[in-house]
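For reference, my_file-v2.csv is printed below; it contains CSV, C-alpha atoms.
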```
chain,number,residue,atom,x,y,z
A,1,MET,CA,41.2,-25.7,41.5
A,2,GLU,CA,37.5,-26.2,40.9
A,3,GLY,CA,36.7,-23.0,42.9
A,4,ASP,CA,39.2,-21.0,40.8
A,5,CYS,CA,37.5,-22.3,37.6
A,6,LEU,CA,34.1,-21.4,38.9
A,7,SER,CA,35.2,-18.0,39.9
A,8,CYS,CA,36.8,-17.4,36.5
A,9,MET,CA,33.6,-18.5,34.8
A,10,LYS,CA,31.5,-16.3,37.0
A,11,TYR,CA,33.5,-13.1,36.1
A,12,LEU,CA,33.6,-14.1,32.4
A,13,MET,CA,29.9,-14.4,32.4
A,14,PHE,CA,29.5,-11.1,34.2
A,15,ILE,CA,31.7,-9.3,31.6
A,16,PHE,CA,29.9,-11.0,28.7
A,17,ASN,CA,26.5,-10.0,30.0
A,18,PHE,CA,27.6,-6.5,31.0
A,19,PHE,CA,28.3,-5.8,27.3
A,20,ILE,CA,24.8,-7.2,26.4
A,21,PHE,CA,23.3,-5.0,29.1
A,22,LEU,CA,25.1,-1.9,27.6
A,23,GLY,CA,23.9,-2.8,24.1
A,24,GLY,CA,20.3,-3.2,25.3
A,25,SER,CA,20.5,0.1,27.1
A,26,PHE,CA,21.8,1.9,24.0
A,27,LEU,CA,19.0,0.5,21.8
A,28,LEU,CA,16.4,1.4,24.4
A,29,GLY,CA,17.8,4.9,24.6
A,30,VAL,CA,17.8,5.4,20.8
A,31,GLY,CA,14.2,4.1,20.5
A,32,VAL,CA,12.9,6.3,23.4
A,33,TRP,CA,14.9,9.3,22.0
A,34,VAL,CA,13.2,9.1,18.6
A,35,LEU,CA,9.7,8.6,20.1
A,36,LEU,CA,10.1,11.6,22.5
A,37,ASP,CA,10.5,13.8,19.3
A,38,PRO,CA,13.7,15.7,20.0
A,39,MET,CA,14.0,17.4,16.6
A,40,GLY,CA,10.9,16.4,14.7
A,41,PHE,CA,12.1,12.8,14.2
A,42,ARG,CA,8.7,11.5,15.2
A,43,GLU,CA,7.0,13.1,12.2
A,44,ILE,CA,9.7,11.8,9.9
A,45,VAL,CA,9.4,8.3,11.3
A,46,ALA,CA,5.5,8.3,11.3
A,47,ALA,CA,5.5,9.2,7.7
A,48,ASN,CA,7.3,6.0,6.7
A,49,PRO,CA,5.6,2.8,8.0
A,50,LEU,CA,8.9,0.8,7.7
A,51,LEU,CA,10.8,3.3,9.9
A,52,PHE,CA,7.8,3.5,12.3
A,53,THR,CA,7.8,-0.3,12.7
A,54,GLY,CA,11.7,-0.3,12.9
A,55,VAL,CA,11.6,2.0,16.0
A,56,TYR,CA,9.4,-0.5,17.9
A,57,VAL,CA,11.6,-3.4,16.8
A,58,ILE,CA,14.6,-1.5,18.2
A,59,LEU,CA,12.7,-0.9,21.5
A,60,ALA,CA,11.7,-4.6,21.8
A,61,MET,CA,15.3,-5.7,21.0
A,62,GLY,CA,16.7,-3.2,23.5
A,63,ALA,CA,14.3,-4.3,26.2
A,64,MET,CA,15.1,-8.0,25.6
A,65,LEU,CA,18.8,-7.5,25.7
A,66,PHE,CA,18.6,-5.2,28.7
A,67,LEU,CA,16.7,-7.9,30.6
A,68,LEU,CA,19.0,-10.6,29.4
A,69,GLY,CA,22.1,-8.7,30.4
A,70,PHE,CA,20.7,-7.7,33.8
A,71,LEU,CA,19.7,-11.3,34.6
A,72,GLY,CA,23.1,-12.7,33.5
A,73,CYS,CA,25.1,-10.0,35.4
A,74,CYS,CA,23.1,-10.4,38.7
A,75,GLY,CA,22.9,-14.1,38.5
A,76,ALA,CA,26.7,-14.5,37.9
A,77,ILE,CA,27.9,-12.0,40.4
A,78,ARG,CA,25.5,-13.0,43.2
A,79,GLU,CA,25.7,-16.7,42.3
A,80,ASN,CA,21.9,-16.8,42.4
A,81,LYS,CA,20.5,-20.1,41.0
A,82,CYS,CA,17.0,-18.6,40.4
A,83,LEU,CA,18.3,-15.7,38.2
A,84,LEU,CA,20.7,-18.0,36.3
A,85,LEU,CA,17.8,-20.5,35.6
A,86,PHE,CA,15.6,-17.6,34.4
A,87,PHE,CA,18.5,-16.3,32.2
A,88,PHE,CA,19.0,-19.8,30.8
A,89,MET,CA,15.3,-20.3,30.0
A,90,LEU,CA,15.0,-16.8,28.4
A,91,ILE,CA,18.0,-17.4,26.1
A,92,LEU,CA,16.8,-20.9,25.3
A,93,PHE,CA,13.4,-19.4,24.3
A,94,ILE,CA,15.2,-16.9,22.0
A,95,PHE,CA,17.3,-19.6,20.5
A,96,LEU,CA,14.3,-21.9,19.8
A,97,ALA,CA,12.3,-18.9,18.4
A,98,GLU,CA,15.2,-18.2,16.0
A,99,LEU,CA,15.4,-21.8,15.0
A,100,ALA,CA,11.7,-22.0,14.4
A,101,ALA,CA,11.8,-18.9,12.3
A,102,ALA,CA,14.6,-20.4,10.1
A,103,ILE,CA,12.6,-23.6,9.7
A,104,LEU,CA,9.4,-21.8,8.8
A,105,ALA,CA,11.4,-19.6,6.3
A,106,PHE,CA,12.6,-22.8,4.6
A,107,LEU,CA,9.2,-24.5,4.6
A,108,PHE,CA,7.4,-21.5,3.1
A,109,ARG,CA,10.2,-20.4,0.8
A,110,GLU,CA,7.9,-20.8,-2.2
A,111,HIS,CA,5.9,-17.8,-0.8
A,112,LEU,CA,8.9,-15.6,-1.3
A,113,THR,CA,8.9,-15.9,-5.1
A,114,ARG,CA,8.4,-13.0,-7.5
A,115,GLU,CA,5.2,-14.6,-8.8
A,116,TYR,CA,3.7,-14.9,-5.4
A,117,PHE,CA,4.3,-11.2,-4.6
A,118,SER,CA,3.0,-10.1,-8.0
A,119,ARG,CA,-0.2,-12.1,-7.5
A,120,GLU,CA,-0.8,-10.6,-4.0
A,121,LEU,CA,-0.1,-7.1,-5.2
A,122,LYS,CA,-2.7,-7.5,-8.0
A,123,ARG,CA,-5.3,-8.8,-5.6
A,124,HIS,CA,-4.8,-6.5,-2.6
A,125,TYR,CA,-3.0,-3.2,-3.4
A,126,GLN,CA,-5.4,-0.2,-3.4
A,127,GLY,CA,-3.3,2.8,-4.2
A,128,HIS,CA,-3.3,5.7,-1.9
A,129,ASN,CA,-5.2,4.1,1.1
A,130,ASN,CA,-3.1,4.7,4.2
A,131,THR,CA,-5.5,2.8,6.5
A,132,ASP,CA,-4.8,-0.5,4.7
A,133,VAL,CA,-1.7,-2.1,6.1
A,134,PHE,CA,-0.9,-4.0,2.9
A,135,THR,CA,-1.2,-0.9,0.7
A,136,SER,CA,0.7,1.4,3.0
A,137,THR,CA,3.5,-1.1,3.4
A,138,TRP,CA,3.9,-1.4,-0.4
A,139,ASN,CA,3.8,2.4,-0.8
A,140,ALA,CA,6.6,2.6,1.7
A,141,ILE,CA,8.6,0.0,-0.1
A,142,MET,CA,8.2,1.6,-3.5
A,143,THR,CA,9.1,5.1,-2.1
A,144,THR,CA,12.1,3.8,-0.2
A,145,PHE,CA,13.6,1.7,-3.0
A,146,ASP,CA,12.6,3.9,-5.9
A,147,CYS,CA,10.8,1.1,-7.6
A,148,CYS,CA,7.4,0.2,-9.0
A,149,GLY,CA,5.4,-3.0,-8.6
A,150,VAL,CA,7.1,-6.4,-8.1
A,151,SER,CA,8.5,-6.9,-11.5
A,152,GLY,CA,7.7,-3.5,-12.9
A,153,PRO,CA,4.8,-1.1,-13.7
A,154,GLU,CA,3.1,-3.8,-15.7
A,155,ASP,CA,2.1,-5.5,-12.4
A,156,PHE,CA,-0.7,-2.9,-12.1
A,157,GLU,CA,-2.5,-4.1,-15.3
A,158,GLU,CA,-5.7,-6.0,-14.5
A,159,SER,CA,-5.3,-5.3,-10.8
A,160,LEU,CA,-7.5,-4.2,-8.0
A,161,PHE,CA,-5.7,-0.8,-8.1
A,162,ARG,CA,-6.8,-0.3,-11.8
A,163,LEU,CA,-10.4,-1.2,-10.8
A,164,LEU,CA,-10.4,1.4,-8.1
A,165,SER,CA,-8.6,4.0,-10.1
A,166,PRO,CA,-9.2,3.4,-13.8
A,167,SER,CA,-7.7,6.7,-14.9
A,168,LYS,CA,-4.3,5.9,-13.4
A,169,MET,CA,-1.8,3.5,-14.9
A,170,VAL,CA,0.4,3.4,-11.8
A,171,PRO,CA,0.1,4.7,-8.2
A,172,GLU,CA,1.8,7.9,-7.0
A,173,ALA,CA,4.3,5.8,-5.1
A,174,CYS,CA,5.8,4.8,-8.4
A,175,CYS,CA,6.5,8.4,-9.4
A,176,GLN,CA,9.9,10.0,-9.4
A,177,ARG,CA,10.2,12.8,-6.8
A,178,ASN,CA,10.9,16.0,-8.7
A,179,GLY,CA,10.9,19.2,-6.7
A,180,TYR,CA,10.9,21.4,-9.8
A,181,LEU,CA,8.0,19.9,-11.7
A,182,GLY,CA,5.9,18.9,-8.6
A,183,ASP,CA,2.3,18.0,-9.4
A,184,VAL,CA,2.9,18.2,-13.1
A,185,SER,CA,5.4,15.2,-13.0
A,186,VAL,CA,3.1,13.2,-10.7
A,187,GLU,CA,0.1,13.8,-13.0
A,188,GLN,CA,2.1,12.7,-16.1
A,189,CYS,CA,3.5,9.7,-14.2
A,190,VAL,CA,0.2,8.2,-13.1
A,191,SER,CA,-1.2,8.8,-16.6
A,192,GLY,CA,1.4,6.5,-18.0
A,193,SER,CA,4.5,8.6,-18.9
A,194,VAL,CA,7.6,6.4,-18.7
A,195,ALA,CA,9.9,9.4,-18.1
A,196,PHE,CA,8.4,10.4,-14.8
A,197,ARG,CA,8.1,7.0,-13.1
A,198,HIS,CA,10.4,4.3,-11.7
A,199,ASN,CA,10.4,1.4,-14.1
A,200,LYS,CA,12.5,-1.0,-12.1
A,201,GLY,CA,10.6,-3.7,-10.1
A,202,CYS,CA,10.9,-3.8,-6.3
A,203,TYR,CA,11.8,-7.4,-6.2
A,204,SER,CA,15.0,-6.7,-8.2
A,205,ALA,CA,15.6,-3.4,-6.4
A,206,MET,CA,15.5,-5.1,-3.0
A,207,VAL,CA,17.6,-8.1,-4.1
A,208,ASP,CA,20.3,-5.7,-5.4
A,209,TYR,CA,20.1,-3.6,-2.2
A,210,PHE,CA,20.4,-6.6,0.2
A,211,GLU,CA,22.9,-8.6,-1.9
A,212,THR,CA,25.8,-6.6,-0.5
A,213,TYR,CA,24.7,-7.3,3.1
A,214,ILE,CA,23.7,-11.0,2.8
A,215,TYR,CA,27.1,-12.4,3.7
A,216,THR,CA,27.4,-9.9,6.6
A,217,ALA,CA,24.0,-10.8,7.8
A,218,GLY,CA,24.8,-14.6,7.6
A,219,ALA,CA,28.0,-14.2,9.5
A,220,LEU,CA,26.3,-12.0,12.1
A,221,ALA,CA,23.6,-14.7,12.5
A,222,ILE,CA,26.2,-17.4,13.0
A,223,VAL,CA,28.1,-15.3,15.6
A,224,VAL,CA,24.8,-14.5,17.5
A,225,LEU,CA,23.8,-18.2,17.6
A,226,THR,CA,27.3,-19.2,18.8
A,227,ILE,CA,27.2,-16.6,21.5
A,228,GLU,CA,23.8,-17.8,22.6
A,229,LEU,CA,25.0,-21.4,22.8
A,230,PHE,CA,28.1,-20.4,24.8
A,231,ALA,CA,25.9,-18.3,27.1
A,232,MET,CA,23.6,-21.3,27.8
A,233,VAL,CA,26.6,-23.5,28.5
A,234,PHE,CA,28.2,-20.9,30.8
A,235,ALA,CA,24.9,-20.5,32.7
A,236,MET,CA,24.3,-24.2,33.2
A,237,CYS,CA,27.9,-24.8,34.3
A,238,LEU,CA,27.7,-22.0,36.8
A,239,PHE,CA,24.3,-23.1,37.9
A,240,ARG,CA,25.6,-26.7,38.6
A,241,GLY,CA,28.8,-25.4,40.2
A,242,ILE,CA,26.9,-23.2,42.8
A,243,GLN,CA,26.4,-25.0,46.1
```
If you took the structure in this file and wrote it as structure tokens, what would it be?
Amino acid sequence: MEGDCLSCMKYLMFIFNFFIFLGGSFLLGVGVWVLLDPMGFREIVAANPLLFTGVYVILAMGAMLFLLGFLGCCGAIRENKCLLLFFFMLILFIFLAELAAAILAFLFREHLTREYFSRELKRHYQGHNNTDVFTSTWNAIMTTFDCCGVSGPEDFEESLFRLLSPSKMVPEACCQRNGYLGDVSVEQCVSGSVAFRHNKGCYSAMVDYFETYIYTAGALAIVVLTIELFAMVFAMCLFRGIQ
């Protein structure tokens, strides 16, 4: 009876990790496909810092899931204690890292307020400087979400940006993209014309965008944590059952 239970657990763990292995392979494939520039995707991605970072996040996640699935499959089917222990340690490390991230997010939640982001934007945003990570990230956010500043265009008053570019009321990233008017609309936008710029703050724009996904993300996080816990339990039971 004990042998049948162990055999069942072994094949369940193999199937479970085989799907993780496939998922990791798919993510790795997508990341490598984009970086190899099949149809000009590399230029599109490189132009947007958020997308550029996202590709490497996908690659890292794919590699981690690929390794995790491989260790779980091989450890289960070969009944190898060393591989199972390595699998358990890796998934425990991931679980603890996620737990630490959640605790840090709770402890530093005051740093996620509108006032904090507005203060940092005034102090560090430079305008059209692509070499500065803070500036390029904010340019990408404002372009992606069609917004301006944290609370609105007034965030650039008495800011580092205005000191560096006194003739501009807002940066070009705040301007509406109009193919017909082109440079004319950008020029009027940066000089203060309300009609040619985005007047909604990025804080509200991002909250509105992610609000529809917050419950899905929460449910997905709970599912992932549950799977990780079950995987650790399966690995330890199989580890202890192997002679």
Please provide as a PyMOL selection string all residues within 8 Å of stretch 93-110 of chain A, with the sequence filter that same-chain residues fewer than 5 positions apart are discarded (counting all atoms listed in the file). chain A and resi 116+225+228
Considering only C-alpha atoms, return as a PDB file with C-alpha atoms, keeping the file's coordinate frame whatever protein or nucleic-acid residues lie within 10 Å of A:Phe87, sequence-local ones (same chain, fewer than 2 positions apart) excluded.
```pdb
ATOM      1  CA  LEU A  67      16.700  -7.900  30.600  1.00  0.00           C
ATOM      2  CA  LEU A  68      19.000 -10.600  29.400  1.00  0.00           C
ATOM      3  CA  GLY A  69      22.100  -8.700  30.400  1.00  0.00           C
ATOM      4  CA  PHE A  70      20.700  -7.700  33.800  1.00  0.00           C
ATOM      5  CA  LEU A  71      19.700 -11.300  34.600  1.00  0.00           C
ATOM      6  CA  GLY A  72      23.100 -12.700  33.500  1.00  0.00           C
ATOM      7  CA  CYS A  73      25.100 -10.000  35.400  1.00  0.00           C
ATOM      8  CA  CYS A  74      23.100 -10.400  38.700  1.00  0.00           C
ATOM      9  CA  GLY A  75      22.900 -14.100  38.500  1.00  0.00           C
ATOM     10  CA  LYS A  81      20.500 -20.100  41.000  1.00  0.00           C
ATOM     11  CA  CYS A  82      17.000 -18.600  40.400  1.00  0.00           C
ATOM     12  CA  LEU A  83      18.300 -15.700  38.200  1.00  0.00           C
ATOM     13  CA  LEU A  84      20.700 -18.000  36.300  1.00  0.00           C
ATOM     14  CA  LEU A  85      17.800 -20.500  35.600  1.00  0.00           C
ATOM     15  CA  MET A  89      15.300 -20.300  30.000  1.00  0.00           C
ATOM     16  CA  LEU A  90      15.000 -16.800  28.400  1.00  0.00           C
ATOM     17  CA  ILE A  91      18.000 -17.400  26.100  1.00  0.00           C
ATOM     18  CA  LEU A  92      16.800 -20.900  25.300  1.00  0.00           C
ATOM     19  CA  PHE A  93      13.400 -19.400  24.300  1.00  0.00           C
ATOM     20  CA  ALA A 231      25.900 -18.300  27.100  1.00  0.00           C
ATOM     21  CA  MET A 232      23.600 -21.300  27.800  1.00  0.00           C
ATOM     22  CA  ALA A 235      24.900 -20.500  32.700  1.00  0.00           C
ATOM     23  CA  MET A 236      24.300 -24.200  33.200  1.00  0.00           C
TER      24      MET A 236
END
```
A:Leu59, A:Ala76, A:Leu121, A:Val32: which is nearest A:Asn17, counting only C-alpha atoms? A:Ala76
Between atom CA of A:Ser185 and atom CA of A:Ser136, distance in Å (one decimal):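 So the answer is 21.6 Å.
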Please, what distance in Å, to one decimal, runs between atom CA of A:Leu238 and atom CA of A:Glu79?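 Between atom CA of A:Leu238 and atom CA of A:Glu79 the gap is 7.9 Å.
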Work out how far apart atom CA of A:Cys147 and atom CA of A:Gly192 are and give it in Å to one decimal.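 Computed distance, atom CA of A:Cys147 to atom CA of A:Gly192, equals 15.0 Å.
Between A:Leu229 and the candidates A:Phe161, A:Phe210, A:Tyr215, A:Phe88, the tightest atom-to-atom separation, counting all atoms listed in the file, involves A:Phe88.
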Restricting the calculation to only C-alpha atoms, which member of A:Met9, A:Val150, A:Val186, A:Ile20 is positioned closest to A:Ala63? A:Ile20
Which residues are close to A:Leu27, i.e. within 8 Å by only C-alpha atoms, leaving aside same-chain residues fewer than 5 positions away? Reply as an mmCIF file with C-alpha atoms, in the frame of the given file.
```cif
data_model
loop_
_atom_site.group_PDB
_atom_site.id
_atom_site.type_symbol
_atom_site.label_atom_id
_atom_site.label_comp_id
_atom_site.auth_asym_id
_atom_site.auth_seq_id
_atom_site.Cartn_x
_atom_site.Cartn_y
_atom_site.Cartn_z
ATOM 1 C CA ILE A 58 14.600 -1.500 18.200
ATOM 2 C CA LEU A 59 12.700 -0.900 21.500
ATOM 3 C CA MET A 61 15.300 -5.700 21.000
ATOM 4 C CA GLY A 62 16.700 -3.200 23.500
#
```
With all atoms listed in the file as the basis for distance, which of A:Val133, A:Ser193, A:Ile77, A:Gln126 is at the shortest distance from A:Pro166?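 For A:Pro166, the nearest of the given residues is A:Gln126.
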